[in-house]
>>> print(open('run-v2.txt').read())   # compact mmCIF, C-alpha atoms
# COMPACT_ATOMS: atom_id res chain seq x y z
CA MET A 931 -14.91 25.28 25.18
CA ASN A 932 -18.03 24.72 27.31
CA GLU A 933 -17.93 22.33 30.26
CA GLN A 934 -20.50 20.26 28.34
CA GLU A 935 -18.30 20.18 25.22
CA GLY A 936 -15.39 19.00 27.35
CA ARG A 937 -17.17 15.84 28.46
CA ARG A 938 -16.33 12.72 26.52
CA VAL A 939 -19.28 11.59 24.42
CA ASP A 940 -19.15 8.72 21.95
CA ALA A 941 -19.08 9.88 18.34
CA MET A 942 -22.53 10.21 16.86
CA GLN A 943 -24.07 10.88 13.48
CA VAL A 944 -26.04 14.11 13.75
CA VAL A 945 -28.36 15.27 10.97
CA ILE A 946 -29.05 19.02 10.90
CA ALA A 947 -31.95 20.45 8.92
CA GLY A 948 -31.23 24.14 8.46
CA GLY A 949 -27.56 23.49 9.04
CA SER A 950 -26.42 26.17 6.60
CA GLY A 951 -28.06 28.96 8.60
CA PHE A 952 -26.55 31.20 11.29
CA ILE A 953 -26.91 28.80 14.23
CA GLY A 954 -26.56 25.66 12.12
CA VAL A 955 -23.09 26.64 10.88
CA HIS A 956 -21.86 27.19 14.44
CA LEU A 957 -23.35 23.90 15.61
CA ALA A 958 -22.01 21.86 12.70
CA ARG A 959 -18.52 23.27 13.20
CA SER A 960 -18.59 22.51 16.94
CA LEU A 961 -19.83 18.95 16.46
CA ALA A 962 -17.34 18.16 13.68
CA ALA A 963 -14.46 19.57 15.75
CA THR A 964 -15.14 17.02 18.50
CA GLY A 965 -15.39 13.98 16.25
CA HIS A 966 -19.09 13.73 15.47
CA GLN A 967 -20.23 12.95 11.94
CA VAL A 968 -22.42 15.80 10.70
CA VAL A 969 -24.91 15.58 7.85
CA ILE A 970 -26.55 18.81 6.71
CA LEU A 971 -29.87 18.56 4.91
CA SER A 972 -29.68 21.07 2.07
CA ARG A 973 -31.82 21.87 -0.95
CA SER A 974 -28.61 22.13 -3.01
CA GLY A 975 -26.78 19.02 -1.76
CA GLY A 976 -23.06 18.46 -2.35
CA VAL A 977 -20.04 18.48 -0.06
CA PRO A 978 -19.33 21.91 1.49
CA PRO A 979 -15.87 23.50 1.24
CA GLY A 980 -13.50 22.20 3.90
CA GLY A 981 -15.36 18.91 4.32
CA ALA A 982 -16.52 19.69 7.88
CA ALA A 983 -19.89 18.10 7.13
CA GLU A 984 -21.64 16.15 4.42
CA ARG A 985 -24.53 17.76 2.60
CA VAL A 986 -27.49 15.67 1.48
CA ARG A 987 -30.12 17.10 -0.83
CA TRP A 988 -33.53 17.22 0.77
CA ASP A 989 -37.09 17.99 -0.18
CA PRO A 990 -39.58 18.04 2.72
CA GLY A 991 -42.29 17.01 0.27
CA ASP A 992 -40.57 13.69 -0.49
CA VAL A 993 -39.87 11.38 2.46
CA THR A 994 -38.49 8.64 0.21
CA GLY A 995 -35.32 10.48 -0.85
CA PRO A 996 -31.72 9.95 0.30
CA TRP A 997 -32.19 12.51 3.07
CA ALA A 998 -34.74 10.23 4.74
CA SER A 999 -32.16 7.43 4.80
CA ALA A 1000 -29.72 9.81 6.51
CA VAL A 1001 -32.35 10.56 9.15
CA ALA A 1002 -33.03 6.85 9.62
CA GLY A 1003 -29.36 6.14 10.26
CA ALA A 1004 -28.72 9.10 12.56
CA ASP A 1005 -28.23 9.09 16.31
CA ALA A 1006 -29.70 12.59 16.59
CA VAL A 1007 -31.68 14.98 14.40
CA VAL A 1008 -31.60 18.76 14.85
CA ASN A 1009 -34.34 20.81 13.24
CA LEU A 1010 -33.34 24.44 12.62
CA ALA A 1011 -35.22 24.78 9.32
CA GLY A 1012 -37.56 27.63 8.54
CA THR A 1013 -37.76 30.95 6.69
CA SER A 1014 -36.23 33.83 8.69
CA ILE A 1015 -38.72 35.59 10.95
CA ALA A 1016 -36.94 38.96 10.66
CA ASN A 1017 -36.34 39.24 6.90
CA GLY A 1018 -39.42 40.95 5.50
CA ARG A 1019 -42.64 42.59 6.68
CA TRP A 1020 -45.33 40.24 7.96
CA THR A 1021 -47.78 40.44 5.10
CA PRO A 1022 -50.43 37.70 4.96
CA ALA A 1023 -48.33 35.90 2.34
CA ARG A 1024 -45.19 36.21 4.45
CA LYS A 1025 -46.97 34.85 7.52
CA ALA A 1026 -48.18 31.88 5.52
CA LEU A 1027 -44.61 31.20 4.36
CA LEU A 1028 -43.22 31.48 7.90
CA ARG A 1029 -45.77 28.93 9.07
CA SER A 1030 -45.57 26.51 6.14
CA SER A 1031 -41.75 26.44 6.02
CA ARG A 1032 -41.56 25.40 9.67
CA LEU A 1033 -44.41 22.93 9.72
CA ALA A 1034 -43.48 21.29 6.41
CA ALA A 1035 -39.88 20.70 7.52
CA THR A 1036 -40.81 19.48 11.00
CA ASN A 1037 -43.58 17.17 9.81
CA ALA A 1038 -41.28 15.74 7.14
CA LEU A 1039 -38.58 14.94 9.71
CA VAL A 1040 -41.10 13.23 11.98
CA ARG A 1041 -42.46 11.20 9.04
CA ALA A 1042 -38.93 10.15 8.09
CA ILE A 1043 -38.29 9.04 11.68
CA GLU A 1044 -41.55 7.09 11.64
CA ARG A 1045 -40.61 5.32 8.40
CA ALA A 1046 -37.22 4.26 9.79
CA PRO A 1047 -36.91 0.67 11.01
CA GLN A 1048 -37.61 0.41 14.73
CA GLY A 1049 -34.01 -0.27 15.67
CA ARG A 1050 -32.60 2.53 13.53
CA ARG A 1051 -34.65 5.48 14.70
CA PRO A 1052 -32.73 8.47 16.08
CA ARG A 1053 -32.58 8.67 19.85
CA VAL A 1054 -33.43 12.37 19.96
CA LEU A 1055 -35.03 15.14 17.92
CA VAL A 1056 -33.90 18.62 18.95
CA SER A 1057 -36.25 21.15 17.39
CA ALA A 1058 -35.97 24.92 17.30
CA SER A 1059 -38.60 27.20 18.79
CA ALA A 1060 -38.44 30.73 20.21
CA ILE A 1061 -39.32 32.74 23.29
CA GLY A 1062 -41.94 34.33 21.07
CA PHE A 1063 -43.94 31.38 22.45
CA TYR A 1064 -44.66 33.53 25.54
CA GLY A 1065 -45.91 36.68 23.85
CA ASP A 1066 -45.65 40.17 25.39
CA ARG A 1067 -45.73 39.64 29.17
CA GLY A 1068 -44.37 42.80 30.80
CA ALA A 1069 -42.28 42.14 33.92
CA GLU A 1070 -43.75 38.66 34.54
CA VAL A 1071 -41.05 36.06 35.15
CA LEU A 1072 -41.41 33.37 32.50
CA THR A 1073 -40.13 29.79 32.67
CA GLU A 1074 -40.70 26.70 30.57
CA ARG A 1075 -43.85 26.09 32.66
CA SER A 1076 -45.43 29.43 31.68
CA GLN A 1077 -48.49 29.55 29.44
CA PRO A 1078 -48.17 30.69 25.80
CA GLY A 1079 -49.05 34.12 24.49
CA ALA A 1080 -51.81 34.96 22.04
CA ASP A 1081 -50.16 36.74 19.09
CA PHE A 1082 -49.09 35.37 15.71
CA LEU A 1083 -45.58 34.38 16.79
CA ALA A 1084 -46.84 32.63 19.93
CA ALA A 1085 -49.36 30.64 17.87
CA LEU A 1086 -46.66 29.75 15.34
CA CYS A 1087 -44.33 28.48 18.07
CA GLN A 1088 -47.12 26.35 19.55
CA GLU A 1089 -47.82 24.71 16.17
CA TRP A 1090 -44.10 24.24 15.52
CA GLU A 1091 -43.53 22.55 18.87
CA GLY A 1092 -46.67 20.45 18.46
CA ALA A 1093 -45.39 19.10 15.14
CA ALA A 1094 -42.04 18.15 16.70
CA ARG A 1095 -43.74 16.40 19.60
CA GLY A 1096 -45.10 13.92 17.07
CA ALA A 1097 -41.78 12.09 17.42
CA GLU A 1098 -42.48 11.36 21.10
CA ARG A 1099 -45.10 8.74 20.23
CA LEU A 1100 -42.35 6.97 18.27
CA GLY A 1101 -40.22 6.57 21.38
CA VAL A 1102 -37.88 9.43 20.46
CA ARG A 1103 -36.79 11.97 23.06
CA VAL A 1104 -37.80 15.48 21.96
CA ALA A 1105 -36.15 18.69 23.15
CA LEU A 1106 -37.68 22.05 22.16
CA LEU A 1107 -35.27 25.02 22.30
CA ARG A 1108 -37.04 28.31 22.93
CA THR A 1109 -34.30 30.71 21.91
CA GLY A 1110 -33.98 34.39 22.76
CA ILE A 1111 -31.78 36.99 21.04
CA VAL A 1112 -28.57 35.20 20.05
CA LEU A 1113 -25.52 37.43 20.37
CA ASP A 1114 -22.61 36.86 17.99
CA ARG A 1115 -20.12 39.35 16.58
CA ASP A 1116 -20.59 38.21 12.96
CA GLY A 1117 -24.22 37.16 12.63
CA GLY A 1118 -27.71 37.37 14.04
CA ALA A 1119 -29.10 40.52 15.63
CA LEU A 1120 -26.00 42.02 17.26
CA PRO A 1121 -24.23 43.49 14.19
CA ARG A 1122 -27.43 45.34 13.27
CA MET A 1123 -27.85 46.54 16.85
CA LEU A 1124 -24.30 47.91 16.89
CA LEU A 1125 -24.57 50.14 13.82
CA PRO A 1126 -26.44 53.07 15.46
CA PHE A 1127 -23.98 53.07 18.36
CA ARG A 1128 -21.02 53.27 15.98
CA LEU A 1129 -22.76 56.24 14.35
CA LEU A 1130 -23.14 57.86 17.80
CA ALA A 1131 -26.92 57.41 17.59
CA GLY A 1132 -27.40 54.36 19.80
CA GLY A 1133 -30.00 53.88 22.47
CA PRO A 1134 -32.91 51.72 23.60
CA LEU A 1135 -35.70 50.60 21.31
CA GLY A 1136 -39.13 51.91 22.23
CA SER A 1137 -39.66 52.81 25.89
CA GLY A 1138 -36.59 50.85 26.99
CA THR A 1139 -38.52 49.31 29.88
CA GLN A 1140 -39.29 46.07 28.07
CA TRP A 1141 -37.40 42.97 29.22
CA THR A 1142 -35.02 41.39 26.74
CA SER A 1143 -33.82 37.79 26.99
CA TRP A 1144 -30.50 37.12 25.30
CA ILE A 1145 -27.90 34.35 24.92
CA HIS A 1146 -24.26 34.23 23.81
CA VAL A 1147 -23.81 32.14 20.66
CA ASP A 1148 -21.44 29.79 22.52
CA ASP A 1149 -24.19 28.97 25.02
CA GLU A 1150 -26.75 28.56 22.23
CA VAL A 1151 -24.48 25.93 20.67
CA GLY A 1152 -23.74 24.50 24.12
CA ILE A 1153 -27.44 23.99 24.90
CA LEU A 1154 -28.03 22.41 21.50
CA ARG A 1155 -25.17 19.99 22.16
CA HIS A 1156 -26.43 19.35 25.68
CA ALA A 1157 -29.87 18.53 24.28
CA ILE A 1158 -28.32 16.16 21.74
CA GLU A 1159 -26.03 14.38 24.17
CA GLN A 1160 -27.83 14.32 27.53
CA ASP A 1161 -30.93 12.22 28.21
CA SER A 1162 -31.88 14.65 30.98
CA ALA A 1163 -32.73 17.32 28.39
CA SER A 1164 -36.26 16.95 27.07
CA GLY A 1165 -39.36 19.02 26.50
CA PRO A 1166 -39.18 22.83 26.40
CA LEU A 1167 -35.76 24.32 27.21
CA ASN A 1168 -35.32 28.08 27.33
CA ALA A 1169 -32.12 29.01 25.49
CA THR A 1170 -31.68 32.31 27.30
CA ALA A 1171 -29.06 33.47 29.78
CA PRO A 1172 -30.14 33.41 33.45
CA ASN A 1173 -30.03 37.23 33.68
CA PRO A 1174 -32.38 38.99 31.24
CA VAL A 1175 -32.12 42.79 31.11
CA THR A 1176 -34.34 45.70 30.17
CA MET A 1177 -33.81 47.19 26.75
CA ARG A 1178 -32.46 50.33 28.41
CA ASP A 1179 -29.86 48.26 30.27
CA MET A 1180 -28.96 46.39 27.06
CA ALA A 1181 -28.35 49.69 25.27
CA ALA A 1182 -26.18 50.87 28.16
CA SER A 1183 -24.16 47.63 28.08
CA ILE A 1184 -23.57 47.95 24.34
CA GLY A 1185 -22.55 51.58 24.82
CA ARG A 1186 -20.04 50.57 27.50
CA ALA A 1187 -18.62 47.78 25.35
CA LEU A 1188 -18.09 50.14 22.41
CA GLY A 1189 -17.25 53.29 24.36
CA ARG A 1190 -20.19 55.07 22.72
CA PRO A 1191 -23.20 57.00 24.07
CA SER A 1192 -26.44 55.10 24.54
CA TRP A 1193 -29.06 57.74 25.24
CA LEU A 1194 -30.87 58.22 21.91
CA PRO A 1195 -34.01 56.02 21.81
CA ALA A 1196 -35.70 54.67 18.68
CA PRO A 1197 -39.40 55.59 19.17
CA ALA A 1198 -41.89 52.73 19.06
CA PHE A 1199 -44.04 54.48 16.45
CA ALA A 1200 -41.05 54.80 14.09
CA LEU A 1201 -40.21 51.09 14.47
CA LYS A 1202 -43.82 50.12 13.77
CA LEU A 1203 -43.91 52.41 10.76
CA ALA A 1204 -40.71 50.92 9.36
CA LEU A 1205 -41.31 47.25 10.18
CA GLY A 1206 -45.05 46.85 10.56
CA GLU A 1207 -46.53 44.13 12.75
CA MET A 1208 -43.26 42.31 13.41
CA ALA A 1209 -41.84 45.32 15.31
CA GLY A 1210 -44.04 44.39 18.27
CA PRO A 1211 -43.09 40.73 18.86
CA LEU A 1212 -39.46 41.10 17.76
CA LEU A 1213 -38.39 44.46 19.17
CA LEU A 1214 -40.96 45.90 21.56
CA ALA A 1215 -42.41 42.88 23.37
CA SER A 1216 -41.33 42.38 26.98
CA GLN A 1217 -40.17 38.83 27.77
CA ARG A 1218 -38.39 38.19 31.08
CA VAL A 1219 -37.42 34.58 30.46
CA LEU A 1220 -35.46 32.34 32.82
CA PRO A 1221 -33.91 28.97 31.77
CA GLU A 1222 -35.35 27.01 34.69
CA ALA A 1223 -35.68 23.62 32.98
CA THR A 1224 -32.40 24.10 31.10
CA LEU A 1225 -30.50 24.57 34.35
CA ALA A 1226 -32.38 21.70 36.02
CA SER A 1227 -31.31 19.40 33.17
CA GLY A 1228 -27.67 20.01 34.06
CA TYR A 1229 -26.55 22.71 31.66
CA THR A 1230 -23.97 25.21 32.98
CA PHE A 1231 -23.88 28.57 31.24
CA ARG A 1232 -20.57 30.02 30.18
CA PHE A 1233 -21.93 33.58 29.97
CA THR A 1234 -24.51 34.55 32.57
CA GLY A 1235 -24.15 38.36 32.46
CA LEU A 1236 -24.56 40.65 29.47
CA ASP A 1237 -21.46 42.77 30.11
CA GLY A 1238 -19.25 39.67 30.15
CA ALA A 1239 -20.86 38.33 26.96
CA LEU A 1240 -20.35 41.63 25.14
CA ARG A 1241 -16.75 41.93 26.34
CA ASP A 1242 -16.10 38.49 24.88
CA LEU A 1243 -17.76 39.26 21.57
CA LEU A 1244 -16.60 42.85 21.08
CA GLY A 1245 -13.37 43.03 23.04
CA GLY A 1246 -11.40 40.53 20.97
CA SER A 1247 -11.14 37.89 23.73
CA ARG A 1248 -12.74 34.49 23.24
CA ALA A 1249 -11.67 33.22 26.66
CA SER A 1250 -13.74 35.44 28.98
CA PRO A 1251 -15.25 33.72 32.01
CA ALA A 1252 -18.92 33.75 32.87
CA ALA A 1253 -19.76 37.19 34.24
>>> encode(input="run-v2.txt", output="structure tokens")
Amino acid sequence: MNEQEGRRVDAMQVVIAGGSGFIGVHLARSLAATGHQVVILSRSGGVPPGGAAERVRWDPGDVTGPWASAVAGADAVVNLAGTSIANGRWTPARKALLRSSRLAATNALVRAIERAPQGRRPRVLVSASAIGFYGDRGAEVLTERSQPGADFLAALCQEWEGAARGAERLGVRVALLRTGIVLDRDGGALPRMLLPFRLLAGGPLGSGTQWTSWIHVDDEVGILRHAIEQDSASGPLNATAPNPVTMRDMAASIGRALGRPSWLPAPAFALKLALGEMAGPLLLASQRVLPEATLASGYTFRFTGLDGALRDLLGGSRASPAA
């Protein structure tokens, strides 16, 4: 358990849009385990197995439905909604869907907050973003004060954050989580990254010199909870460990964790051929991101070094210290 999770916080009602996704499931489970009431906004509705959270049917196009009443009665709203960035080539139609799914959900949540009676508005809106905000920046050290990039993903993140900031004029604290590569043994990017290593064909992507900013899933959930619970957390917060690594060093760390070689690179041209435009921002871009504002807000990372994070995730121990 994180230091932040160990602090006593009065039970809250937390509404999570996108709560059935990879990060949302982890967050909902963590909140429910410590006594918070969790409501997941879902297009299917219904009570999930196990009863860890309530599901309420939602339609971002209708701000008069039951989901809007759940938002109005919540202490906190977490916005993780949006079509997956990594599932499908970035055709013009796919780009339009990536943009519309995020903006429609975020704008709907802000409208629902606005329609709530003054005394019943949530205290905080925690909205997802990504370090794609910064674009491809080489070895430049990036913090929450850095300027945005100029590619498609950077523009999308700017629009996404701008929509969430609409809640600030309503007197609601807004925290914007710019997340890096989330490492978890069962979901996200890591299982796909491990496969070549297990086939003895692992190595860095592209040149290997690009900087990669990562975060253990426990710290991703910890920062989300910190943003929900602590008034000191507002504005952009980088959800990345304090020690980013080059892609070559990441491959070496994975190789050490698995006891496999890590010398065989995946050429940039092959990645671009296979994945198209998204290979650049997602796999080949260099982003050396530090969580300056996150640390200043009082968050303490559990996992600060990549080797320690991978030992925890791949070595069978869930009690490893920060390392």
>>> closest_residue(input="run-v2.txt", among="A:Val986, A:Ala1069, A:Val1151, A:Ala1006", to="A:Ser960", atoms="only C-alpha atoms")
A:Val1151
>>> residues_around(input="run-v2.txt", residues="A:Leu1135", least_positions_apart="3", cutoff="9 Å", atoms="only C-alpha atoms", output="list in words")
Gly1138, Gln1140, Met1177, Arg1178, Ala1181, Pro1195, Ala1196, Pro1197, Ala1198, Leu1201, Leu1213 and Leu1214 of chain A
>>> residues_around(input="run-v2.txt", residues="stretch 1010-1013 of chain A", least_positions_apart="2", cutoff="12 Å", atoms="all atoms listed in the file", output="JSON, numbers by chain")
{"A": [945, 946, 947, 948, 949, 950, 951, 952, 953, 954, 955, 956, 957, 958, 970, 971, 972, 973, 988, 989, 990, 1007, 1008, 1015, 1016, 1017, 1018, 1024, 1025, 1026, 1027, 1028, 1029, 1030, 1031, 1032, 1033, 1034, 1035, 1036, 1037, 1038, 1039, 1055, 1056, 1057, 1058, 1059, 1060, 1086, 1087, 1090, 1094, 1106, 1107, 1108, 1109, 1154]}
>>> closest_residue(input="run-v2.txt", among="A:Gly1165, A:Gly1065, A:Gly1117, A:Gly1049", to="A:Glu1098", atoms="only C-alpha atoms")
A:Gly1165
>>> residues_around(input="run-v2.txt", residues="stretch 1157-1160 of chain A", least_positions_apart="5", cutoff="12 Å", atoms="all atoms listed in the file", output="number ranges by chain")
A: 934-935, 937-946, 957, 961, 966, 1004-1009, 1052-1058, 1102-1107, 1149-1152, 1165-1169, 1223-1225, 1227-1229
>>> closest_residue(input="run-v2.txt", among="A:Arg1075, A:Pro1126, A:Phe1082, A:Leu1243", to="A:Trp1193", atoms="only C-alpha atoms")
A:Pro1126
>>> closest_residue(input="run-v2.txt", among="A:Gln967, A:Ser1183, A:Ser1137, A:Thr1234", to="A:Ala1171", atoms="all atoms listed in the file")
A:Thr1234
>>> residues_around(input="run-v2.txt", residues="A:Thr1073", least_positions_apart="3", cutoff="8 Å", atoms="all atoms listed in the file", output="compact mmCIF listing (two decimals) with C-alpha atoms, in the coordinates of the input")
# COMPACT_ATOMS: atom_id res chain seq x y z
CA SER A 1076 -45.43 29.43 31.68
CA ASN A 1168 -35.32 28.08 27.33
CA VAL A 1219 -37.42 34.58 30.46
CA LEU A 1220 -35.46 32.34 32.82
CA PRO A 1221 -33.91 28.97 31.77
CA GLU A 1222 -35.35 27.01 34.69
CA ALA A 1223 -35.68 23.62 32.98
>>> atom_distance(input="run-v2.txt", atom1="atom CA of A:Ala962", atom2="atom CA of A:Val1147")
16.9 Å
>>> atom_distance(input="run-v2.txt", atom1="atom CA of A:Gly995", atom2="atom CA of A:Ala963")
28.2 Å
>>> atom_distance(input="run-v2.txt", atom1="atom CA of A:Pro1078", atom2="atom CA of A:Phe1063")
5.4 Å
>>> residues_around(input="run-v2.txt", residues="A:Pro1191", least_positions_apart="2", cutoff="9 Å", atoms="all atoms listed in the file", output="VMD selection string")
chain A and resid 1127 1130 to 1133 1182 1185 to 1186 1188 to 1189 1193 to 1194
>>> closest_residue(input="run-v2.txt", among="A:Val1071, A:Ala1080, A:Val993, A:Ile1061", to="A:Arg1045", atoms="all atoms listed in the file")
A:Val993
>>> residues_near_point(input="run-v2.txt", point="(-41.8, 11.5, 15.2)", cutoff="6 Å", atoms="all atoms listed in the file", output="ChimeraX atom specification")
/A:1040,1043-1044,1096-1098,1100
>>> closest_residue(input="run-v2.txt", among="A:Asp1081, A:Asp1066, A:Glu1091, A:Glu1074", to="A:Ser1216", atoms="all atoms listed in the file")
A:Asp1066
>>> build_atoms(input="run-v2.txt", residues="stretch 1036-1053 of chain A", atoms="N, CA and C atoms", output="mmCIF file, in the coordinates of the input")
data_model
loop_
_atom_site.group_PDB
_atom_site.id
_atom_site.type_symbol
_atom_site.label_atom_id
_atom_site.label_comp_id
_atom_site.auth_asym_id
_atom_site.auth_seq_id
_atom_site.Cartn_x
_atom_site.Cartn_y
_atom_site.Cartn_z
ATOM 1 N N THR A 1036 -40.696 20.267 9.773
ATOM 2 C CA THR A 1036 -40.810 19.480 11.000
ATOM 3 C C THR A 1036 -41.632 18.223 10.775
ATOM 4 N N ASN A 1037 -42.756 18.353 10.089
ATOM 5 C CA ASN A 1037 -43.580 17.170 9.810
ATOM 6 C C ASN A 1037 -42.842 16.160 8.948
ATOM 7 N N ALA A 1038 -42.027 16.646 7.998
ATOM 8 C CA ALA A 1038 -41.280 15.740 7.140
ATOM 9 C C ALA A 1038 -40.240 14.959 7.955
ATOM 10 N N LEU A 1039 -39.576 15.632 8.876
ATOM 11 C CA LEU A 1039 -38.580 14.940 9.710
ATOM 12 C C LEU A 1039 -39.247 13.878 10.584
ATOM 13 N N VAL A 1040 -40.392 14.207 11.154
ATOM 14 C CA VAL A 1040 -41.100 13.230 11.980
ATOM 15 C C VAL A 1040 -41.573 12.044 11.138
ATOM 16 N N ARG A 1041 -42.044 12.309 9.923
ATOM 17 C CA ARG A 1041 -42.460 11.200 9.040
ATOM 18 C C ARG A 1041 -41.272 10.323 8.679
ATOM 19 N N ALA A 1042 -40.121 10.935 8.420
ATOM 20 C CA ALA A 1042 -38.930 10.150 8.090
ATOM 21 C C ALA A 1042 -38.504 9.293 9.281
ATOM 22 N N ILE A 1043 -38.604 9.826 10.484
ATOM 23 C CA ILE A 1043 -38.290 9.040 11.680
ATOM 24 C C ILE A 1043 -39.263 7.883 11.813
ATOM 25 N N GLU A 1044 -40.523 8.140 11.535
ATOM 26 C CA GLU A 1044 -41.550 7.090 11.640
ATOM 27 C C GLU A 1044 -41.304 5.967 10.641
ATOM 28 N N ARG A 1045 -40.830 6.323 9.437
ATOM 29 C CA ARG A 1045 -40.610 5.320 8.400
ATOM 30 C C ARG A 1045 -39.341 4.502 8.646
ATOM 31 N N ALA A 1046 -38.474 4.985 9.517
ATOM 32 C CA ALA A 1046 -37.220 4.260 9.790
ATOM 33 C C ALA A 1046 -37.513 2.955 10.516
ATOM 34 N N PRO A 1047 -36.740 1.915 10.260
ATOM 35 C CA PRO A 1047 -36.910 0.670 11.010
ATOM 36 C C PRO A 1047 -36.783 0.925 12.507
ATOM 37 N N GLN A 1048 -37.533 0.190 13.286
ATOM 38 C CA GLN A 1048 -37.610 0.410 14.730
ATOM 39 C C GLN A 1048 -36.247 0.550 15.390
ATOM 40 N N GLY A 1049 -35.316 -0.296 15.024
ATOM 41 C CA GLY A 1049 -34.010 -0.270 15.670
ATOM 42 C C GLY A 1049 -33.080 0.794 15.159
ATOM 43 N N ARG A 1050 -33.489 1.532 14.131
ATOM 44 C CA ARG A 1050 -32.600 2.530 13.530
ATOM 45 C C ARG A 1050 -33.094 3.959 13.726
ATOM 46 N N ARG A 1051 -34.142 4.130 14.482
ATOM 47 C CA ARG A 1051 -34.650 5.480 14.700
ATOM 48 C C ARG A 1051 -33.675 6.311 15.535
ATOM 49 N N PRO A 1052 -33.573 7.609 15.251
ATOM 50 C CA PRO A 1052 -32.730 8.470 16.080
ATOM 51 C C PRO A 1052 -33.185 8.431 17.542
ATOM 52 N N ARG A 1053 -32.244 8.655 18.428
ATOM 53 C CA ARG A 1053 -32.580 8.670 19.850
ATOM 54 C C ARG A 1053 -33.235 9.982 20.269
#
